[in-house]
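Engineer: coords13.cif is the file, holding mmCIF, C-alpha atoms:
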```cif
data_coords
#
loop_
_atom_site.group_PDB
_atom_site.id
_atom_site.type_symbol
_atom_site.label_atom_id
_atom_site.label_comp_id
_atom_site.auth_asym_id
_atom_site.auth_seq_id
_atom_site.Cartn_x
_atom_site.Cartn_y
_atom_site.Cartn_z
ATOM 1 C CA ASN A 1 -6.314 8.591 -18.312
ATOM 2 C CA VAL A 2 -3.772 9.480 -15.676
ATOM 3 C CA PHE A 3 -2.304 5.969 -15.868
ATOM 4 C CA SER A 4 -0.648 4.357 -18.865
ATOM 5 C CA GLY A 5 -2.669 1.158 -18.552
ATOM 6 C CA ASN A 6 0.368 -0.921 -19.427
ATOM 7 C CA GLU A 7 0.870 -2.572 -16.039
ATOM 8 C CA ASN A 8 -1.018 -5.778 -15.332
ATOM 9 C CA ARG A 9 -2.600 -4.520 -12.109
ATOM 10 C CA ASN A 10 -5.384 -2.331 -10.773
ATOM 11 C CA TYR A 11 -4.480 1.309 -10.060
ATOM 12 C CA LYS A 12 -4.835 2.483 -6.457
ATOM 13 C CA GLU A 13 -5.892 5.936 -5.304
ATOM 14 C CA ASP A 14 -2.420 6.688 -3.971
ATOM 15 C CA ASP A 15 -0.460 5.379 -6.982
ATOM 16 C CA THR A 16 1.704 7.975 -8.677
ATOM 17 C CA PRO A 17 0.117 8.811 -12.027
ATOM 18 C CA ASN A 18 2.040 7.811 -15.136
ATOM 19 C CA PRO A 19 -0.128 8.984 -18.024
ATOM 20 C CA PRO A 20 0.354 7.871 -21.582
ATOM 21 C CA PRO A 21 2.356 10.463 -23.525
ATOM 22 C CA ASN A 22 -0.653 12.095 -25.154
ATOM 23 C CA SER A 23 -2.365 15.411 -24.522
ATOM 24 C CA TYR A 24 -5.526 13.760 -23.167
ATOM 25 C CA GLY A 25 -3.735 11.989 -20.320
ATOM 26 C CA LEU A 26 -1.419 14.890 -19.624
ATOM 27 C CA THR A 27 -4.246 17.452 -19.383
ATOM 28 C CA LYS A 28 -6.230 15.171 -17.052
ATOM 29 C CA LEU A 29 -3.177 14.801 -14.826
ATOM 30 C CA GLU A 30 -2.598 18.562 -14.769
ATOM 31 C CA ALA A 31 -6.266 19.165 -13.883
ATOM 32 C CA GLU A 32 -6.027 16.655 -11.023
ATOM 33 C CA ARG A 33 -2.886 18.331 -9.701
ATOM 34 C CA ARG A 34 -4.518 21.759 -9.721
ATOM 35 C CA VAL A 35 -7.617 20.489 -7.911
ATOM 36 C CA LEU A 36 -5.554 18.677 -5.277
ATOM 37 C CA ASP A 37 -3.210 21.666 -4.816
ATOM 38 C CA LYS A 38 -6.272 23.762 -3.897
ATOM 39 C CA GLY A 39 -7.414 21.183 -1.321
ATOM 40 C CA GLY A 40 -10.081 19.729 -3.586
ATOM 41 C CA ILE A 41 -11.366 16.257 -4.287
ATOM 42 C CA VAL A 42 -10.686 14.113 -7.350
ATOM 43 C CA VAL A 43 -13.134 11.330 -8.193
ATOM 44 C CA ARG A 44 -11.777 8.974 -10.847
ATOM 45 C CA LEU A 45 -14.091 6.713 -12.769
ATOM 46 C CA GLN A 46 -14.137 4.398 -15.748
ATOM 47 C CA THR A 47 -16.573 4.098 -18.610
ATOM 48 C CA MET A 48 -19.894 5.070 -17.021
ATOM 49 C CA LEU A 49 -22.879 2.723 -16.900
ATOM 50 C CA GLY A 50 -26.341 3.921 -15.923
ATOM 51 C CA VAL A 51 -26.361 6.966 -18.200
ATOM 52 C CA ASN A 52 -27.979 7.455 -21.605
ATOM 53 C CA LYS A 53 -24.797 7.122 -23.641
ATOM 54 C CA ASN A 54 -21.791 4.845 -23.260
ATOM 55 C CA LEU A 55 -19.342 4.547 -26.141
ATOM 56 C CA ILE A 56 -18.556 0.857 -25.571
ATOM 57 C CA ILE A 57 -22.165 -0.240 -24.992
ATOM 58 C CA ASP A 58 -23.463 1.859 -27.894
ATOM 59 C CA ARG A 59 -21.035 0.015 -30.199
ATOM 60 C CA VAL A 60 -22.375 -3.272 -28.819
ATOM 61 C CA TYR A 61 -25.923 -2.110 -29.575
ATOM 62 C CA ASP A 62 -24.880 -1.399 -33.172
ATOM 63 C CA ALA A 63 -23.595 -4.971 -33.483
ATOM 64 C CA ILE A 64 -26.627 -6.520 -31.799
ATOM 65 C CA ASP A 65 -28.937 -4.465 -34.032
ATOM 66 C CA GLY A 66 -27.248 -5.839 -37.144
ATOM 67 C CA ARG A 67 -25.277 -2.742 -38.100
ATOM 68 C CA GLU A 68 -21.688 -2.956 -39.258
ATOM 69 C CA TYR A 69 -19.157 -2.920 -36.426
ATOM 70 C CA PHE A 70 -15.513 -3.531 -35.668
ATOM 71 C CA PRO A 71 -14.706 -6.667 -33.653
ATOM 72 C CA PHE A 72 -14.526 -6.136 -29.907
ATOM 73 C CA TRP A 73 -11.102 -6.218 -28.269
ATOM 74 C CA ASN A 74 -10.498 -9.254 -26.097
ATOM 75 C CA ASP A 75 -7.196 -8.048 -24.626
ATOM 76 C CA ARG A 76 -8.008 -4.558 -23.253
ATOM 77 C CA PHE A 77 -9.600 -4.466 -19.799
ATOM 78 C CA VAL A 78 -11.739 -2.093 -17.757
ATOM 79 C CA ARG A 79 -14.129 -2.329 -14.833
ATOM 80 C CA PRO A 80 -16.901 0.199 -15.500
ATOM 81 C CA SER A 81 -18.278 2.707 -13.034
ATOM 82 C CA TYR A 82 -21.991 2.838 -12.250
ATOM 83 C CA PHE A 83 -23.721 6.207 -12.069
ATOM 84 C CA GLU A 84 -25.615 5.444 -8.846
ATOM 85 C CA ASP A 85 -22.336 4.518 -7.118
ATOM 86 C CA PHE A 86 -20.769 7.721 -8.441
ATOM 87 C CA LEU A 87 -23.611 9.789 -6.943
ATOM 88 C CA ILE A 88 -23.233 8.049 -3.577
ATOM 89 C CA VAL A 89 -19.509 8.844 -3.508
ATOM 90 C CA LEU A 90 -20.190 12.479 -4.427
ATOM 91 C CA LYS A 91 -22.751 12.721 -1.614
ATOM 92 C CA HIS A 92 -20.277 11.291 0.893
ATOM 93 C CA VAL A 93 -17.345 13.490 -0.100
ATOM 94 C CA ALA A 94 -19.472 16.637 -0.383
ATOM 95 C CA PHE A 95 -20.351 16.475 3.302
ATOM 96 C CA THR A 96 -17.008 15.408 4.689
ATOM 97 C CA SER A 97 -13.645 16.974 5.300
ATOM 98 C CA LYS A 98 -11.963 13.951 3.727
ATOM 99 C CA ARG A 99 -10.064 15.431 0.780
ATOM 100 C CA GLY A 100 -7.993 13.576 -1.773
ATOM 101 C CA ILE A 101 -8.556 11.020 -4.527
ATOM 102 C CA TYR A 102 -11.440 8.566 -4.703
ATOM 103 C CA HIS A 103 -11.992 5.741 -7.175
ATOM 104 C CA VAL A 104 -15.415 4.608 -8.344
ATOM 105 C CA SER A 105 -15.782 1.371 -10.273
ATOM 106 C CA CYS A 106 -18.032 -1.641 -9.987
ATOM 107 C CA ASP A 107 -17.207 -4.656 -7.874
ATOM 108 C CA GLY A 108 -16.146 -7.784 -9.723
ATOM 109 C CA GLU A 109 -13.591 -8.887 -12.238
ATOM 110 C CA PRO A 110 -12.317 -6.544 -14.952
ATOM 111 C CA LEU A 111 -13.859 -7.137 -18.364
ATOM 112 C CA SER A 112 -12.546 -6.873 -21.882
ATOM 113 C CA ARG A 113 -14.686 -5.064 -24.421
ATOM 114 C CA ALA A 114 -15.481 -8.497 -25.866
ATOM 115 C CA ASP A 115 -16.630 -9.669 -22.407
ATOM 116 C CA ILE A 116 -18.849 -6.594 -22.114
ATOM 117 C CA ALA A 117 -20.307 -7.256 -25.574
ATOM 118 C CA LYS A 118 -21.090 -10.883 -24.699
ATOM 119 C CA SER A 119 -22.731 -9.817 -21.437
ATOM 120 C CA VAL A 120 -24.902 -7.248 -23.208
ATOM 121 C CA LEU A 121 -25.984 -9.876 -25.756
ATOM 122 C CA ARG A 122 -26.829 -12.336 -22.921
ATOM 123 C CA ILE A 123 -28.916 -9.663 -21.202
ATOM 124 C CA HIS A 124 -30.827 -9.104 -24.453
ATOM 125 C CA GLN A 125 -31.481 -12.823 -24.710
ATOM 126 C CA LEU A 126 -32.475 -13.153 -21.045
ATOM 127 C CA TYR A 127 -34.948 -10.253 -21.102
ATOM 128 C CA GLY A 128 -36.420 -10.875 -24.546
ATOM 129 C CA LEU A 129 -34.899 -7.784 -26.110
ATOM 130 C CA PRO A 130 -34.409 -7.963 -29.883
ATOM 131 C CA TYR A 131 -31.028 -8.923 -31.319
ATOM 132 C CA GLN A 132 -29.837 -9.779 -34.819
ATOM 133 C CA CYS A 133 -26.877 -12.040 -34.061
ATOM 134 C CA GLU A 134 -26.036 -15.015 -31.870
ATOM 135 C CA ASN A 135 -22.306 -14.229 -31.570
ATOM 136 C CA LEU A 136 -20.158 -11.127 -31.696
ATOM 137 C CA ALA A 137 -16.772 -10.921 -33.391
ATOM 138 C CA GLU A 138 -13.726 -10.277 -31.240
ATOM 139 C CA GLU A 139 -10.024 -9.744 -31.832
ATOM 140 C CA SER A 140 -6.836 -8.526 -30.200
ATOM 141 C CA CYS A 141 -6.256 -4.784 -30.208
ATOM 142 C CA LYS A 142 -4.035 -3.792 -33.113
ATOM 143 C CA ILE A 143 -3.398 -0.186 -32.076
ATOM 144 C CA ASP A 144 -1.491 1.462 -29.235
ATOM 145 C CA PHE A 145 -4.190 1.618 -26.558
ATOM 146 C CA PRO A 146 -3.934 1.071 -22.785
ATOM 147 C CA LYS A 147 -4.158 -2.621 -21.968
ATOM 148 C CA ARG A 148 -5.639 -2.367 -18.488
ATOM 149 C CA LEU A 149 -7.367 0.720 -17.095
ATOM 150 C CA VAL A 150 -8.859 -0.751 -13.929
ATOM 151 C CA LEU A 151 -9.351 1.235 -10.748
ATOM 152 C CA ASP A 152 -8.775 -0.356 -7.362
ATOM 153 C CA THR A 153 -11.498 0.929 -5.010
ATOM 154 C CA THR A 154 -10.238 -0.628 -1.759
ATOM 155 C CA LYS A 155 -9.217 2.660 -0.143
ATOM 156 C CA THR A 156 -12.368 4.510 -1.231
ATOM 157 C CA ARG A 157 -14.662 1.733 0.005
ATOM 158 C CA LYS A 158 -12.866 1.524 3.347
ATOM 159 C CA TYR A 159 -12.538 5.273 3.856
ATOM 160 C CA LEU A 160 -16.179 6.041 3.002
ATOM 161 C CA GLU A 161 -17.559 2.719 4.330
ATOM 162 C CA LEU A 162 -19.236 1.890 1.002
ATOM 163 C CA THR A 163 -19.848 -1.064 -1.252
ATOM 164 C CA PHE A 164 -20.183 -0.759 -5.014
ATOM 165 C CA THR A 165 -22.622 -2.390 -7.407
ATOM 166 C CA SER A 166 -21.410 -5.560 -9.107
ATOM 167 C CA VAL A 167 -20.371 -5.122 -12.711
ATOM 168 C CA GLU A 168 -22.962 -7.739 -13.759
ATOM 169 C CA LYS A 169 -25.801 -5.876 -12.018
ATOM 170 C CA ALA A 170 -24.653 -2.508 -13.381
ATOM 171 C CA LEU A 171 -24.527 -3.886 -16.946
ATOM 172 C CA GLU A 172 -27.974 -5.430 -16.538
ATOM 173 C CA GLN A 173 -29.483 -2.205 -15.173
ATOM 174 C CA HIS A 174 -27.810 -0.161 -17.912
ATOM 175 C CA VAL A 175 -29.140 -2.364 -20.708
ATOM 176 C CA ILE A 176 -32.637 -2.601 -19.258
ATOM 177 C CA SER A 177 -32.899 1.155 -18.751
ATOM 178 C CA THR A 178 -31.496 2.129 -22.163
ATOM 179 C CA ARG A 179 -33.220 -0.584 -24.214
ATOM 180 C CA LYS A 180 -36.578 -1.047 -22.429
ATOM 181 C CA HIS A 181 -38.368 0.677 -25.323
ATOM 182 C CA LEU A 182 -37.369 -2.295 -27.545
ATOM 183 C CA LYS A 183 -39.107 -5.014 -25.478
ATOM 184 C CA LYS A 184 -40.886 -7.480 -27.767
#
```
Could you render the structure from this file as structure tokens?

Structural biologist:
Amino acid sequence: NVFSGNENRNYKEDDTPNPPPNSYGLTKLEAERRVLDKGGIVVRLQTMLGVNKNLIIDRVYDAIDGREYFPFWNDRFVRPSYFEDFLIVLKHVAFTSKRGIYHVSCDGEPLSRADIAKSVLRIHQLYGLPYQCENLAEESCKIDFPKRLVLDTTKTRKYLELTFTSVEKALEQHVISTRKHLKK
């Protein structure tokens, strides 16, 4: 995370990074600087949907499947990235001279982890996938964790003349593709 996530706004491609004071954020920032100093391209993304594993969604699956879980945070926000959108951006920047920073995240409103969990449960209900609970527990975050890590994609979309998948569609496709083997 090259941004602290403490501002109540979406981060733009040309915002000056202000990482949290931890080695993870600082090493990501240093890596970005080195890539950009060599004339390279940085593609920033959020939690990735459309791949086999996603830490947030996998925790939701544990809850839905009746396993023990921690309540989902209702006050920490993200707008996920979708793998197909990521590939499209890579294709565009690979064959262009447009260097710099690009953001990839779904279209739509940012979601809390609790919002994501509720959406995943609704998708299970809608598509007849098995689930063990009707509601999922949520709470406020009680640890020092970025409040809002949301990427603004306005510049990337305009510069590359792209649109991104809606967060609802990306969540639906992710759940269907990773849980289709469970269909009743």

Engineer: To verify the selection step, state as a VMD selection string which residues the PyMOL selection byres ((chain A and resi 10-27) around 8) yields on this input.

Structural biologist: chain A and resid 1 to 5 8 to 9 28 to 31 101 to 103 148 to 156

Engineer: So what does the PyMOL selection byres ((chain A and resi 40-45) around 6) actually pick up in this one, as a VMD selection string?

Structural biologist: chain A and resid 35 to 36 38 to 39 46 81 99 to 104

Engineer: If the PyMOL selection byres ((chain A and resi 130) around 12) is run on the structure shown, which residues does it catch, given as a PDB file with C-alpha atoms, keeping the file's coordinate frame?

Structural biologist:
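That gives us out-v6.pdb:
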```pdb
ATOM      1  CA  TYR A  61     -25.923  -2.110 -29.575  1.00  0.00           C
ATOM      2  CA  ALA A  63     -23.595  -4.971 -33.483  1.00  0.00           C
ATOM      3  CA  ILE A  64     -26.627  -6.520 -31.799  1.00  0.00           C
ATOM      4  CA  ASP A  65     -28.937  -4.465 -34.032  1.00  0.00           C
ATOM      5  CA  GLY A  66     -27.248  -5.839 -37.144  1.00  0.00           C
ATOM      6  CA  VAL A 120     -24.902  -7.248 -23.208  1.00  0.00           C
ATOM      7  CA  LEU A 121     -25.984  -9.876 -25.756  1.00  0.00           C
ATOM      8  CA  ARG A 122     -26.829 -12.336 -22.921  1.00  0.00           C
ATOM      9  CA  ILE A 123     -28.916  -9.663 -21.202  1.00  0.00           C
ATOM     10  CA  HIS A 124     -30.827  -9.104 -24.453  1.00  0.00           C
ATOM     11  CA  GLN A 125     -31.481 -12.823 -24.710  1.00  0.00           C
ATOM     12  CA  LEU A 126     -32.475 -13.153 -21.045  1.00  0.00           C
ATOM     13  CA  TYR A 127     -34.948 -10.253 -21.102  1.00  0.00           C
ATOM     14  CA  GLY A 128     -36.420 -10.875 -24.546  1.00  0.00           C
ATOM     15  CA  LEU A 129     -34.899  -7.784 -26.110  1.00  0.00           C
ATOM     16  CA  TYR A 131     -31.028  -8.923 -31.319  1.00  0.00           C
ATOM     17  CA  GLN A 132     -29.837  -9.779 -34.819  1.00  0.00           C
ATOM     18  CA  CYS A 133     -26.877 -12.040 -34.061  1.00  0.00           C
ATOM     19  CA  GLU A 134     -26.036 -15.015 -31.870  1.00  0.00           C
ATOM     20  CA  VAL A 175     -29.140  -2.364 -20.708  1.00  0.00           C
ATOM     21  CA  ARG A 179     -33.220  -0.584 -24.214  1.00  0.00           C
ATOM     22  CA  LYS A 180     -36.578  -1.047 -22.429  1.00  0.00           C
ATOM     23  CA  HIS A 181     -38.368   0.677 -25.323  1.00  0.00           C
ATOM     24  CA  LEU A 182     -37.369  -2.295 -27.545  1.00  0.00           C
ATOM     25  CA  LYS A 183     -39.107  -5.014 -25.478  1.00  0.00           C
ATOM     26  CA  LYS A 184     -40.886  -7.480 -27.767  1.00  0.00           C
TER      27      LYS A 184
END
```

Engineer: Using all atoms listed in the file, which of the listed residues (A:Val89, A:Leu111, A:Ile176, A:Ile143) sits closest to Thr163 in chain A?

Structural biologist: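 Using all atoms listed in the file, the shortest distance to Thr163 in chain A belongs to A:Val89.
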
Engineer: Work out how far apart CA of Leu171 in chain A and CA of Glu109 in chain A are and give it in Å to one decimal.

Structural biologist: 12.9 Å
